[in-house]
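A.B. asks: Coordinates in query27.pdb, PDB, C-alpha atoms, are listed below.
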MODEL        1
ATOM      1  CA  MET A 216     -10.270   9.453  26.698
ATOM      2  CA  LYS A 217      -7.301  10.528  24.641
ATOM      3  CA  VAL A 218      -7.962   9.270  21.121
ATOM      4  CA  ILE A 219      -6.336   9.645  17.731
ATOM      5  CA  ILE A 220      -8.301   9.472  14.487
ATOM      6  CA  PHE A 221      -6.729   8.289  11.255
ATOM      7  CA  GLY A 222      -8.733   9.432   8.253
ATOM      8  CA  ALA A 223     -10.084  12.488  10.075
ATOM      9  CA  THR A 224     -10.782  14.404   6.855
ATOM     10  CA  GLY A 225     -12.780  11.558   5.302
ATOM     11  CA  SER A 226     -16.536  11.161   5.339
ATOM     12  CA  ILE A 227     -16.548   8.892   8.410
ATOM     13  CA  GLY A 228     -13.579  10.599  10.000
ATOM     14  CA  LYS A 229     -15.259  13.999  10.049
ATOM     15  CA  ASN A 230     -18.182  12.499  11.926
ATOM     16  CA  LEU A 231     -15.802  10.762  14.331
ATOM     17  CA  LEU A 232     -14.068  14.060  14.930
ATOM     18  CA  ASP A 233     -17.227  16.048  15.612
ATOM     19  CA  GLN A 234     -18.821  13.414  17.809
ATOM     20  CA  SER A 235     -15.715  12.586  19.833
ATOM     21  CA  LEU A 236     -15.145  16.252  20.643
ATOM     22  CA  ALA A 237     -18.805  16.650  21.579
ATOM     23  CA  GLN A 238     -18.406  13.727  23.984
ATOM     24  CA  GLY A 239     -15.488  15.418  25.719
ATOM     25  CA  HIS A 240     -12.603  13.314  24.450
ATOM     26  CA  ALA A 241      -9.162  14.786  23.862
ATOM     27  CA  VAL A 242      -8.704  14.198  20.148
ATOM     28  CA  THR A 243      -5.744  14.099  17.790
ATOM     29  CA  ALA A 244      -6.580  14.291  14.091
ATOM     30  CA  PHE A 245      -3.887  12.686  11.945
ATOM     31  CA  VAL A 246      -4.042  14.263   8.487
ATOM     32  CA  ARG A 247      -1.866  14.822   5.442
ATOM     33  CA  ASP A 248      -3.249  18.312   4.839
ATOM     34  CA  PRO A 249      -4.358  20.276   7.932
ATOM     35  CA  ALA A 250      -5.944  22.881   5.648
ATOM     36  CA  ARG A 251      -8.717  20.378   4.942
ATOM     37  CA  LEU A 252      -9.873  20.584   8.562
ATOM     38  CA  ASP A 253     -12.308  23.438   9.061
ATOM     39  CA  ILE A 254     -12.720  22.969  12.796
ATOM     40  CA  GLU A 255     -11.116  24.489  15.874
ATOM     41  CA  HIS A 256     -11.594  23.179  19.397
ATOM     42  CA  GLU A 257      -9.725  23.412  22.671
ATOM     43  CA  ASN A 258      -9.572  19.608  22.883
ATOM     44  CA  LEU A 259      -8.349  19.110  19.311
ATOM     45  CA  ARG A 260      -4.756  18.625  18.295
ATOM     46  CA  ILE A 261      -3.663  18.168  14.689
ATOM     47  CA  ALA A 262      -0.823  15.838  13.720
ATOM     48  CA  LYS A 263       0.412  16.226  10.175
ATOM     49  CA  GLY A 264       1.690  13.081   8.520
ATOM     50  CA  ASP A 265       1.128  10.237   6.094
ATOM     51  CA  VAL A 266      -0.142   6.806   7.136
ATOM     52  CA  LEU A 267       2.398   5.296   4.757
ATOM     53  CA  ASP A 268       5.229   6.894   6.761
ATOM     54  CA  GLN A 269       5.907   4.686   9.776
ATOM     55  CA  ALA A 270       7.896   7.294  11.683
ATOM     56  CA  SER A 271       5.216   9.994  11.574
ATOM     57  CA  VAL A 272       2.519   7.491  12.501
ATOM     58  CA  GLN A 273       4.451   6.219  15.519
ATOM     59  CA  GLN A 274       5.212   9.707  16.758
ATOM     60  CA  ALA A 275       1.530  10.630  16.568
ATOM     61  CA  VAL A 276       0.188   7.437  18.183
ATOM     62  CA  ALA A 277       2.330   7.565  21.328
ATOM     63  CA  GLY A 278       0.487   8.537  24.493
ATOM     64  CA  HIS A 279      -3.076   7.854  23.370
ATOM     65  CA  ASP A 280      -5.656   5.604  25.008
ATOM     66  CA  ALA A 281      -7.258   4.414  21.770
ATOM     67  CA  VAL A 282      -6.917   4.579  18.005
ATOM     68  CA  LEU A 283      -9.793   5.006  15.550
ATOM     69  CA  VAL A 284      -9.077   4.052  11.944
ATOM     70  CA  SER A 285     -11.277   5.124   9.055
ATOM     71  CA  ILE A 286      -8.827   5.377   6.199
ATOM     72  CA  GLY A 287     -10.104   6.066   2.713
ATOM     73  CA  ALA A 288      -8.441   5.241  -0.586
ATOM     74  CA  ASP A 289      -9.178   5.197  -4.270
ATOM     75  CA  ARG A 290     -10.455   2.033  -5.904
ATOM     76  CA  HIS A 291      -7.032   0.747  -6.876
ATOM     77  CA  GLY A 292      -4.832   1.681  -3.923
ATOM     78  CA  THR A 293      -3.577  -0.233  -0.912
ATOM     79  CA  VAL A 294      -3.561   2.703   1.485
ATOM     80  CA  ARG A 295      -6.042   1.070   3.855
ATOM     81  CA  SER A 296      -4.048  -2.098   4.381
ATOM     82  CA  GLU A 297      -0.569  -0.592   4.329
ATOM     83  CA  GLY A 298      -1.591   2.362   6.457
ATOM     84  CA  THR A 299      -3.330   0.135   8.975
ATOM     85  CA  ARG A 300      -0.258  -2.098   9.182
ATOM     86  CA  ASN A 301       1.851   0.958  10.017
ATOM     87  CA  ILE A 302      -0.655   2.000  12.669
ATOM     88  CA  ILE A 303      -0.570  -1.482  14.210
ATOM     89  CA  ARG A 304       3.213  -1.460  14.328
ATOM     90  CA  ALA A 305       3.168   1.975  15.922
ATOM     91  CA  MET A 306       0.682   0.849  18.559
ATOM     92  CA  GLU A 307       2.697  -2.253  19.382
ATOM     93  CA  ASN A 308       5.877  -0.200  19.641
ATOM     94  CA  THR A 309       4.352   2.448  21.907
ATOM     95  CA  GLY A 310       2.126   0.267  24.095
ATOM     96  CA  VAL A 311      -1.220   1.657  22.897
ATOM     97  CA  ARG A 312      -3.688  -1.239  22.995
ATOM     98  CA  ARG A 313      -7.219  -0.277  21.897
ATOM     99  CA  LEU A 314      -7.905  -0.248  18.155
ATOM    100  CA  ILE A 315     -11.253   0.293  16.472
ATOM    101  CA  CYS A 316     -10.983  -0.154  12.726
ATOM    102  CA  GLN A 317     -13.654   0.525  10.108
ATOM    103  CA  SER A 318     -13.786  -2.072   7.352
ATOM    104  CA  THR A 319     -16.809  -3.003   5.220
ATOM    105  CA  LEU A 320     -19.704  -5.419   5.329
ATOM    106  CA  GLY A 321     -18.915  -8.290   2.985
ATOM    107  CA  VAL A 322     -15.445  -9.140   4.254
ATOM    108  CA  GLY A 323     -14.973 -12.588   5.750
ATOM    109  CA  ASP A 324     -18.081 -14.398   6.936
ATOM    110  CA  SER A 325     -20.200 -11.271   6.374
ATOM    111  CA  TRP A 326     -20.009 -12.008   2.618
ATOM    112  CA  ASN A 327     -23.230 -13.961   3.055
ATOM    113  CA  ASN A 328     -25.031 -10.847   4.325
ATOM    114  CA  LEU A 329     -24.747  -9.281   0.874
ATOM    115  CA  THR A 330     -27.134  -9.390  -2.057
ATOM    116  CA  ALA A 331     -26.110 -10.698  -5.467
ATOM    117  CA  LEU A 332     -25.694  -7.079  -6.645
ATOM    118  CA  TRP A 333     -23.057  -6.393  -4.030
ATOM    119  CA  LYS A 334     -21.355  -9.757  -4.365
ATOM    120  CA  TYR A 335     -20.979  -9.930  -8.109
ATOM    121  CA  LEU A 336     -21.237  -6.389  -9.488
ATOM    122  CA  MET A 337     -19.947  -4.074  -6.764
ATOM    123  CA  PHE A 338     -17.309  -6.110  -4.919
ATOM    124  CA  GLY A 339     -16.944  -8.701  -7.645
ATOM    125  CA  PHE A 340     -16.218  -6.169 -10.373
ATOM    126  CA  LEU A 341     -16.462  -2.400  -9.765
ATOM    127  CA  LEU A 342     -14.886  -2.291  -6.305
ATOM    128  CA  ARG A 343     -12.798  -5.445  -6.408
ATOM    129  CA  PRO A 344      -9.419  -3.777  -5.626
ATOM    130  CA  ALA A 345     -10.931  -1.800  -2.739
ATOM    131  CA  TYR A 346     -12.528  -4.980  -1.406
ATOM    132  CA  ARG A 347      -9.190  -6.814  -1.536
ATOM    133  CA  ASP A 348      -7.610  -3.906   0.334
ATOM    134  CA  HIS A 349     -10.163  -4.259   3.121
ATOM    135  CA  VAL A 350      -9.560  -8.019   3.283
ATOM    136  CA  LEU A 351      -5.842  -7.449   3.742
ATOM    137  CA  GLN A 352      -6.495  -4.650   6.232
ATOM    138  CA  GLU A 353      -8.574  -6.999   8.376
ATOM    139  CA  LYS A 354      -5.907  -9.696   8.151
ATOM    140  CA  TYR A 355      -3.317  -7.361   9.636
ATOM    141  CA  VAL A 356      -5.662  -6.314  12.436
ATOM    142  CA  ARG A 357      -6.691  -9.860  13.324
ATOM    143  CA  GLU A 358      -3.072 -11.051  13.404
ATOM    144  CA  SER A 359      -2.035  -8.287  15.787
ATOM    145  CA  ASN A 360      -1.835  -8.681  19.559
ATOM    146  CA  LEU A 361      -3.889  -5.537  20.140
ATOM    147  CA  ASP A 362      -7.282  -5.097  21.787
ATOM    148  CA  TRP A 363      -9.055  -4.672  18.473
ATOM    149  CA  SER A 364     -12.567  -4.429  17.136
ATOM    150  CA  ILE A 365     -13.354  -4.335  13.419
ATOM    151  CA  VAL A 366     -16.571  -2.555  12.453
ATOM    152  CA  ARG A 367     -18.150  -3.672   9.173
ATOM    153  CA  PRO A 368     -20.679  -1.074   7.989
ATOM    154  CA  ALA A 369     -23.021  -1.489   5.056
ATOM    155  CA  ALA A 370     -23.227   1.098   2.235
ATOM    156  CA  PHE A 371     -22.947   4.689   3.469
ATOM    157  CA  THR A 372     -25.702   7.281   3.340
ATOM    158  CA  ASP A 373     -25.705  10.965   4.292
ATOM    159  CA  GLY A 374     -28.442  10.611   6.885
ATOM    160  CA  GLU A 375     -28.434  11.941  10.423
ATOM    161  CA  ARG A 376     -27.122  10.149  13.469
ATOM    162  CA  THR A 377     -30.037   8.130  14.820
ATOM    163  CA  GLY A 378     -28.376   5.709  17.227
ATOM    164  CA  GLN A 379     -30.970   3.210  15.998
ATOM    165  CA  TYR A 380     -29.314   0.516  13.931
ATOM    166  CA  ARG A 381     -28.547  -3.171  13.929
ATOM    167  CA  HIS A 382     -25.135  -4.497  14.856
ATOM    168  CA  GLY A 383     -23.545  -7.862  15.457
ATOM    169  CA  PHE A 384     -26.115  -9.731  13.372
ATOM    170  CA  GLY A 385     -25.306 -13.237  12.174
ATOM    171  CA  SER A 386     -23.418 -14.031   8.997
ATOM    172  CA  THR A 387     -26.506 -15.596   7.407
ATOM    173  CA  ASP A 388     -28.787 -12.658   8.157
ATOM    174  CA  ARG A 389     -30.256 -11.256   4.917
ATOM    175  CA  THR A 390     -32.854  -8.945   6.473
ATOM    176  CA  THR A 391     -30.834  -5.739   6.875
ATOM    177  CA  ARG A 392     -31.286  -2.768   4.543
ATOM    178  CA  LEU A 393     -27.559  -2.801   3.661
ATOM    179  CA  LYS A 394     -27.412   0.925   4.386
ATOM    180  CA  ILE A 395     -26.097   2.988   7.287
ATOM    181  CA  SER A 396     -25.460   6.713   7.697
ATOM    182  CA  ARG A 397     -21.891   7.887   8.113
ATOM    183  CA  ALA A 398     -22.957   9.597  11.323
ATOM    184  CA  ASP A 399     -24.246   6.318  12.742
ATOM    185  CA  VAL A 400     -21.043   4.508  11.752
ATOM    186  CA  ALA A 401     -19.124   7.062  13.817
ATOM    187  CA  ASP A 402     -21.637   6.708  16.658
ATOM    188  CA  PHE A 403     -21.099   2.950  16.818
ATOM    189  CA  MET A 404     -17.316   3.180  16.598
ATOM    190  CA  LEU A 405     -17.219   5.626  19.489
ATOM    191  CA  LYS A 406     -19.528   3.473  21.595
ATOM    192  CA  ASN A 407     -16.911   0.745  21.323
ATOM    193  CA  LEU A 408     -14.368   2.952  23.081
ATOM    194  CA  LEU A 409     -15.945   2.173  26.434
ATOM    195  CA  ASP A 410     -17.633  -1.134  25.618
ATOM    196  CA  ASN A 411     -15.643  -4.348  25.168
ATOM    197  CA  ARG A 412     -18.606  -6.370  23.931
ATOM    198  CA  TYR A 413     -17.029  -6.668  20.495
ATOM    199  CA  LEU A 414     -13.426  -7.096  21.590
ATOM    200  CA  HIS A 415     -11.661  -9.291  19.010
ATOM    201  CA  GLN A 416     -14.869  -9.429  16.992
ATOM    202  CA  THR A 417     -16.096  -8.087  13.629
ATOM    203  CA  PRO A 418     -19.665  -6.795  14.072
ATOM    204  CA  GLY A 419     -21.671  -5.891  11.001
ATOM    205  CA  LEU A 420     -23.543  -2.588  11.031
ATOM    206  CA  SER A 421     -26.686  -1.699   9.100
ATOM    207  CA  TYR A 422     -30.280  -0.506   9.366
TER     208      TYR A 422
ENDMDL
END
Have the structure of the file written as structure tokens, please.

C.D. replies:
Amino acid sequence: MKVIIFGATGSIGKNLLDQSLAQGHAVTAFVRDPARLDIEHENLRIAKGDVLDQASVQQAVAGHDAVLVSIGADRHGTVRSEGTRNIIRAMENTGVRRLICQSTLGVGDSWNNLTALWKYLMFGFLLRPAYRDHVLQEKYVRESNLDWSIVRPAAFTDGERTGQYRHGFGSTDRTTRLKISRADVADFMLKNLLDNRYLHQTPGLSY
């Protein structure tokens, strides 16, 4: 497939980039600073731009089969939500339908999957602005008319890609480890390129 990755220099994005190229996809990496990409590949194209700039986003999105979003931001920004809204607009304007967006476990009904530590200290206090940004990001995705899937991973680790993880568990499930490697997050997102099982759904992801 011809895919474009937003957030390609981030911790999930780098794994998406490596794995998608290894799988034979034609990949566009949308980045603010191409110098941060230390990879060359015959199937890789780099698009320089800012997700907060609608024009550059729309120009980059046109002609792709699918869009992968793994946008990072600091604790107090709104880059995830605003950037994702620009991506959605660009997709709607150019006729690109398939969107796979990385959010976080804890948003929406997955709040009940979390422990008290994550509910009240992490998302309730330390990461509250980032959590709100994810909530707004998901709102924009869910209100779109795209063929979307929202992936909600648990806390990231630096482990290897295993392909062995739990996904789509119920909102009352409290048996997961609340951890998932960045490589396995990318693995699951890419599996959704060719699998519509979670179309218009928000699967959680954890070991």

A.B. asks: Which residues come within 7 Å of Val276 (chain A), counting only C-alpha atoms, excluding same-chain residues fewer than 3 positions away, as an NGL selection string?

C.D. replies: :A and (219 or 272-273 or 279 or 305-306)

A.B. asks: Of the residues A:His256, A:His240, A:Arg247, A:Arg392, which is the one nearest to Leu320 (chain A), using only C-alpha atoms?

C.D. replies: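 Comparing A:His256, A:His240, A:Arg247, A:Arg392 against Leu320 (chain A), the winner is A:Arg392.
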
A.B. asks: Around (-24.0, 1.8, 9.9) in the file's own coordinates, what residues are found within 6 Å if you use only C-alpha atoms, given back as an MDAnalysis selection string?

C.D. replies: chainID A and resid 368:369 395:396 399:400 420:421

A.B. asks: What would the selection look like, as a VMD selection string, if the PyMOL selection byres ((chain A and resi 360-365) around 10) were run on the coordinates I just shared?

C.D. replies: chain A and resid 281 to 284 303 306 to 307 310 to 319 352 to 353 356 to 359 366 to 368 404 407 to 408 411 to 419

A.B. asks: Mind checking which residues fall within 9 Å of Gly378 (chain A), counting only C-alpha atoms, ignoring those fewer than 6 positions away in the same chain, and posting them as a list of chain:residue names?

C.D. replies: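 Using only C-alpha atoms, the neighbours found are A:Ala398, A:Asp399, A:Asp402, A:Phe403.
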
A.B. asks: Looking at all atoms listed in the file, which of A:Ala331, A:Ala370, A:Ser325, A:Phe340 is the one that sits closest to Asp388 (chain A)?

C.D. replies: A:Ser325

A.B. asks: Kindly indicate which residue among A:Ala270, A:Ala401, A:Val242, A:Val294 lies nearest to Glu257 (chain A), using only C-alpha atoms for the distances.

C.D. replies: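 Answer, going by the shortest atom-to-atom distance: A:Val242.
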
A.B. asks: Using only C-alpha atoms, which residue out of A:Lys229, A:Arg295, A:Lys217, A:Arg397 lies closest to Ala345 (chain A)?

C.D. replies: A:Arg295

A.B. asks: Can you tell me, as a PyMOL selection string, what residues are no more than 12 Å from Ala250 (chain A) when counting only C-alpha atoms, ignoring any on the same chain fewer than 3 positions away?

C.D. replies: chain A and resi 224+246-247+253-255+261-263

A.B. asks: I would like the residues chosen by the PyMOL selection byres ((chain A and resi 223) around 7) on the shown file; could you give them as a PyMOL selection string?

C.D. replies: chain A and resi 220-222+224-225+228-229+232+244-246

A.B. asks: Write the residues of the selection above to a file with C-alpha atoms, as a PDB file, in the coordinates of the input.

C.D. replies:
ATOM      1  CA  ILE A 220      -8.301   9.472  14.487  1.00  0.00           C
ATOM      2  CA  PHE A 221      -6.729   8.289  11.255  1.00  0.00           C
ATOM      3  CA  GLY A 222      -8.733   9.432   8.253  1.00  0.00           C
ATOM      4  CA  THR A 224     -10.782  14.404   6.855  1.00  0.00           C
ATOM      5  CA  GLY A 225     -12.780  11.558   5.302  1.00  0.00           C
ATOM      6  CA  GLY A 228     -13.579  10.599  10.000  1.00  0.00           C
ATOM      7  CA  LYS A 229     -15.259  13.999  10.049  1.00  0.00           C
ATOM      8  CA  LEU A 232     -14.068  14.060  14.930  1.00  0.00           C
ATOM      9  CA  ALA A 244      -6.580  14.291  14.091  1.00  0.00           C
ATOM     10  CA  PHE A 245      -3.887  12.686  11.945  1.00  0.00           C
ATOM     11  CA  VAL A 246      -4.042  14.263   8.487  1.00  0.00           C
TER      12      VAL A 246
END

A.B. asks: How many Å separate CA of Thr377 (chain A) from CA of Leu329 (chain A)?

C.D. replies: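 Calculated distance between CA of Thr377 (chain A) and CA of Leu329 (chain A) is 22.9 Å.
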
A.B. asks: Of the candidates A:Thr387, A:Phe338, A:Ser226, A:Leu231, which shows the shortest atom-to-atom distance to Lys406 (chain A), using only C-alpha atoms?

C.D. replies: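 Going through A:Thr387, A:Phe338, A:Ser226, A:Leu231 one by one, the smallest distance to Lys406 (chain A) is for A:Leu231.
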
A.B. asks: Using Å and a single decimal, report how far CA of Gly278 (chain A) sits from CA of Asn258 (chain A).

C.D. replies: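 Separation of CA of Asn258 (chain A) and CA of Gly278 (chain A): 15.0 Å.
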
A.B. asks: If I only have part of region 378-413 of chain A, can you fill in N, CA and C atoms and write it as a PDB file, in the frame of the given file?

C.D. replies:
ATOM      1  N   GLY A 378     -28.640   6.609  16.117  1.00  0.00           N
ATOM      2  CA  GLY A 378     -28.376   5.709  17.227  1.00  0.00           C
ATOM      3  C   GLY A 378     -29.231   4.458  17.183  1.00  0.00           C
ATOM      4  N   GLN A 379     -30.061   4.345  16.146  1.00  0.00           N
ATOM      5  CA  GLN A 379     -30.970   3.210  15.998  1.00  0.00           C
ATOM      6  C   GLN A 379     -30.547   2.403  14.779  1.00  0.00           C
ATOM      7  N   TYR A 380     -29.813   1.341  15.017  1.00  0.00           N
ATOM      8  CA  TYR A 380     -29.314   0.516  13.931  1.00  0.00           C
ATOM      9  C   TYR A 380     -29.041  -0.884  14.463  1.00  0.00           C
ATOM     10  N   ARG A 381     -28.819  -1.795  13.553  1.00  0.00           N
ATOM     11  CA  ARG A 381     -28.547  -3.171  13.929  1.00  0.00           C
ATOM     12  C   ARG A 381     -27.032  -3.412  13.892  1.00  0.00           C
ATOM     13  N   HIS A 382     -26.565  -4.200  14.825  1.00  0.00           N
ATOM     14  CA  HIS A 382     -25.135  -4.497  14.856  1.00  0.00           C
ATOM     15  C   HIS A 382     -24.917  -5.890  15.428  1.00  0.00           C
ATOM     16  N   GLY A 383     -23.865  -6.532  14.959  1.00  0.00           N
ATOM     17  CA  GLY A 383     -23.545  -7.862  15.457  1.00  0.00           C
ATOM     18  C   GLY A 383     -24.483  -8.952  14.988  1.00  0.00           C
ATOM     19  N   PHE A 384     -25.192  -8.716  13.892  1.00  0.00           N
ATOM     20  CA  PHE A 384     -26.115  -9.731  13.372  1.00  0.00           C
ATOM     21  C   PHE A 384     -25.326 -10.889  12.751  1.00  0.00           C
ATOM     22  N   GLY A 385     -25.967 -12.032  12.640  1.00  0.00           N
ATOM     23  CA  GLY A 385     -25.306 -13.237  12.174  1.00  0.00           C
ATOM     24  C   GLY A 385     -24.891 -13.174  10.716  1.00  0.00           C
ATOM     25  N   SER A 386     -23.963 -14.044  10.352  1.00  0.00           N
ATOM     26  CA  SER A 386     -23.418 -14.031   8.997  1.00  0.00           C
ATOM     27  C   SER A 386     -24.409 -14.511   7.946  1.00  0.00           C
ATOM     28  N   THR A 387     -25.496 -15.139   8.373  1.00  0.00           N
ATOM     29  CA  THR A 387     -26.506 -15.596   7.407  1.00  0.00           C
ATOM     30  C   THR A 387     -27.716 -14.674   7.364  1.00  0.00           C
ATOM     31  N   ASP A 388     -27.666 -13.595   8.120  1.00  0.00           N
ATOM     32  CA  ASP A 388     -28.787 -12.658   8.157  1.00  0.00           C
ATOM     33  C   ASP A 388     -28.884 -11.908   6.834  1.00  0.00           C
ATOM     34  N   ARG A 389     -30.038 -11.959   6.185  1.00  0.00           N
ATOM     35  CA  ARG A 389     -30.256 -11.256   4.917  1.00  0.00           C
ATOM     36  C   ARG A 389     -31.401 -10.261   5.035  1.00  0.00           C
ATOM     37  N   THR A 390     -31.689  -9.809   6.255  1.00  0.00           N
ATOM     38  CA  THR A 390     -32.854  -8.945   6.473  1.00  0.00           C
ATOM     39  C   THR A 390     -32.498  -7.484   6.678  1.00  0.00           C
ATOM     40  N   THR A 391     -31.203  -7.140   6.679  1.00  0.00           N
ATOM     41  CA  THR A 391     -30.834  -5.739   6.875  1.00  0.00           C
ATOM     42  C   THR A 391     -31.073  -4.957   5.588  1.00  0.00           C
ATOM     43  N   ARG A 392     -31.077  -3.639   5.709  1.00  0.00           N
ATOM     44  CA  ARG A 392     -31.286  -2.768   4.543  1.00  0.00           C
ATOM     45  C   ARG A 392     -30.006  -2.529   3.761  1.00  0.00           C
ATOM     46  N   LEU A 393     -28.871  -2.987   4.291  1.00  0.00           N
ATOM     47  CA  LEU A 393     -27.559  -2.801   3.661  1.00  0.00           C
ATOM     48  C   LEU A 393     -27.242  -1.318   3.451  1.00  0.00           C
ATOM     49  N   LYS A 394     -27.692  -0.506   4.394  1.00  0.00           N
ATOM     50  CA  LYS A 394     -27.412   0.925   4.386  1.00  0.00           C
ATOM     51  C   LYS A 394     -27.195   1.393   5.815  1.00  0.00           C
ATOM     52  N   ILE A 395     -26.346   2.400   5.972  1.00  0.00           N
ATOM     53  CA  ILE A 395     -26.097   2.988   7.287  1.00  0.00           C
ATOM     54  C   ILE A 395     -25.531   4.389   7.074  1.00  0.00           C
ATOM     55  N   SER A 396     -25.981   5.355   7.856  1.00  0.00           N
ATOM     56  CA  SER A 396     -25.460   6.713   7.697  1.00  0.00           C
ATOM     57  C   SER A 396     -24.038   6.789   8.234  1.00  0.00           C
ATOM     58  N   ARG A 397     -23.265   7.673   7.639  1.00  0.00           N
ATOM     59  CA  ARG A 397     -21.891   7.887   8.113  1.00  0.00           C
ATOM     60  C   ARG A 397     -21.886   8.321   9.569  1.00  0.00           C
ATOM     61  N   ALA A 398     -22.868   9.122   9.938  1.00  0.00           N
ATOM     62  CA  ALA A 398     -22.957   9.597  11.323  1.00  0.00           C
ATOM     63  C   ALA A 398     -23.197   8.445  12.286  1.00  0.00           C
ATOM     64  N   ASP A 399     -23.988   7.463  11.875  1.00  0.00           N
ATOM     65  CA  ASP A 399     -24.246   6.318  12.742  1.00  0.00           C
ATOM     66  C   ASP A 399     -23.060   5.360  12.777  1.00  0.00           C
ATOM     67  N   VAL A 400     -22.279   5.292  11.710  1.00  0.00           N
ATOM     68  CA  VAL A 400     -21.043   4.508  11.752  1.00  0.00           C
ATOM     69  C   VAL A 400     -20.117   5.084  12.828  1.00  0.00           C
ATOM     70  N   ALA A 401     -19.958   6.410  12.808  1.00  0.00           N
ATOM     71  CA  ALA A 401     -19.124   7.062  13.817  1.00  0.00           C
ATOM     72  C   ALA A 401     -19.683   6.836  15.215  1.00  0.00           C
ATOM     73  N   ASP A 402     -20.984   6.921  15.365  1.00  0.00           N
ATOM     74  CA  ASP A 402     -21.637   6.708  16.658  1.00  0.00           C
ATOM     75  C   ASP A 402     -21.291   5.333  17.216  1.00  0.00           C
ATOM     76  N   PHE A 403     -21.372   4.311  16.368  1.00  0.00           N
ATOM     77  CA  PHE A 403     -21.099   2.950  16.818  1.00  0.00           C
ATOM     78  C   PHE A 403     -19.620   2.757  17.142  1.00  0.00           C
ATOM     79  N   MET A 404     -18.747   3.305  16.325  1.00  0.00           N
ATOM     80  CA  MET A 404     -17.316   3.180  16.598  1.00  0.00           C
ATOM     81  C   MET A 404     -16.961   3.800  17.934  1.00  0.00           C
ATOM     82  N   LEU A 405     -17.521   4.954  18.226  1.00  0.00           N
ATOM     83  CA  LEU A 405     -17.219   5.626  19.489  1.00  0.00           C
ATOM     84  C   LEU A 405     -17.815   4.890  20.680  1.00  0.00           C
ATOM     85  N   LYS A 406     -18.950   4.258  20.499  1.00  0.00           N
ATOM     86  CA  LYS A 406     -19.528   3.473  21.595  1.00  0.00           C
ATOM     87  C   LYS A 406     -18.603   2.328  21.989  1.00  0.00           C
ATOM     88  N   ASN A 407     -17.834   1.847  21.035  1.00  0.00           N
ATOM     89  CA  ASN A 407     -16.911   0.745  21.323  1.00  0.00           C
ATOM     90  C   ASN A 407     -15.683   1.183  22.110  1.00  0.00           C
ATOM     91  N   LEU A 408     -15.481   2.480  22.256  1.00  0.00           N
ATOM     92  CA  LEU A 408     -14.368   2.952  23.081  1.00  0.00           C
ATOM     93  C   LEU A 408     -14.496   2.483  24.525  1.00  0.00           C
ATOM     94  N   LEU A 409     -15.707   2.480  25.025  1.00  0.00           N
ATOM     95  CA  LEU A 409     -15.945   2.173  26.434  1.00  0.00           C
ATOM     96  C   LEU A 409     -16.666   0.850  26.635  1.00  0.00           C
ATOM     97  N   ASP A 410     -16.891   0.120  25.552  1.00  0.00           N
ATOM     98  CA  ASP A 410     -17.633  -1.134  25.618  1.00  0.00           C
ATOM     99  C   ASP A 410     -16.801  -2.229  24.945  1.00  0.00           C
ATOM    100  N   ASN A 411     -16.462  -3.266  25.700  1.00  0.00           N
ATOM    101  CA  ASN A 411     -15.643  -4.348  25.168  1.00  0.00           C
ATOM    102  C   ASN A 411     -16.467  -5.528  24.657  1.00  0.00           C
ATOM    103  N   ARG A 412     -17.741  -5.290  24.417  1.00  0.00           N
ATOM    104  CA  ARG A 412     -18.606  -6.370  23.931  1.00  0.00           C
ATOM    105  C   ARG A 412     -18.057  -7.004  22.657  1.00  0.00           C
ATOM    106  N   TYR A 413     -17.504  -6.167  21.780  1.00  0.00           N
ATOM    107  CA  TYR A 413     -17.029  -6.668  20.495  1.00  0.00           C
ATOM    108  C   TYR A 413     -15.495  -6.732  20.433  1.00  0.00           C
TER     109      TYR A 413
END
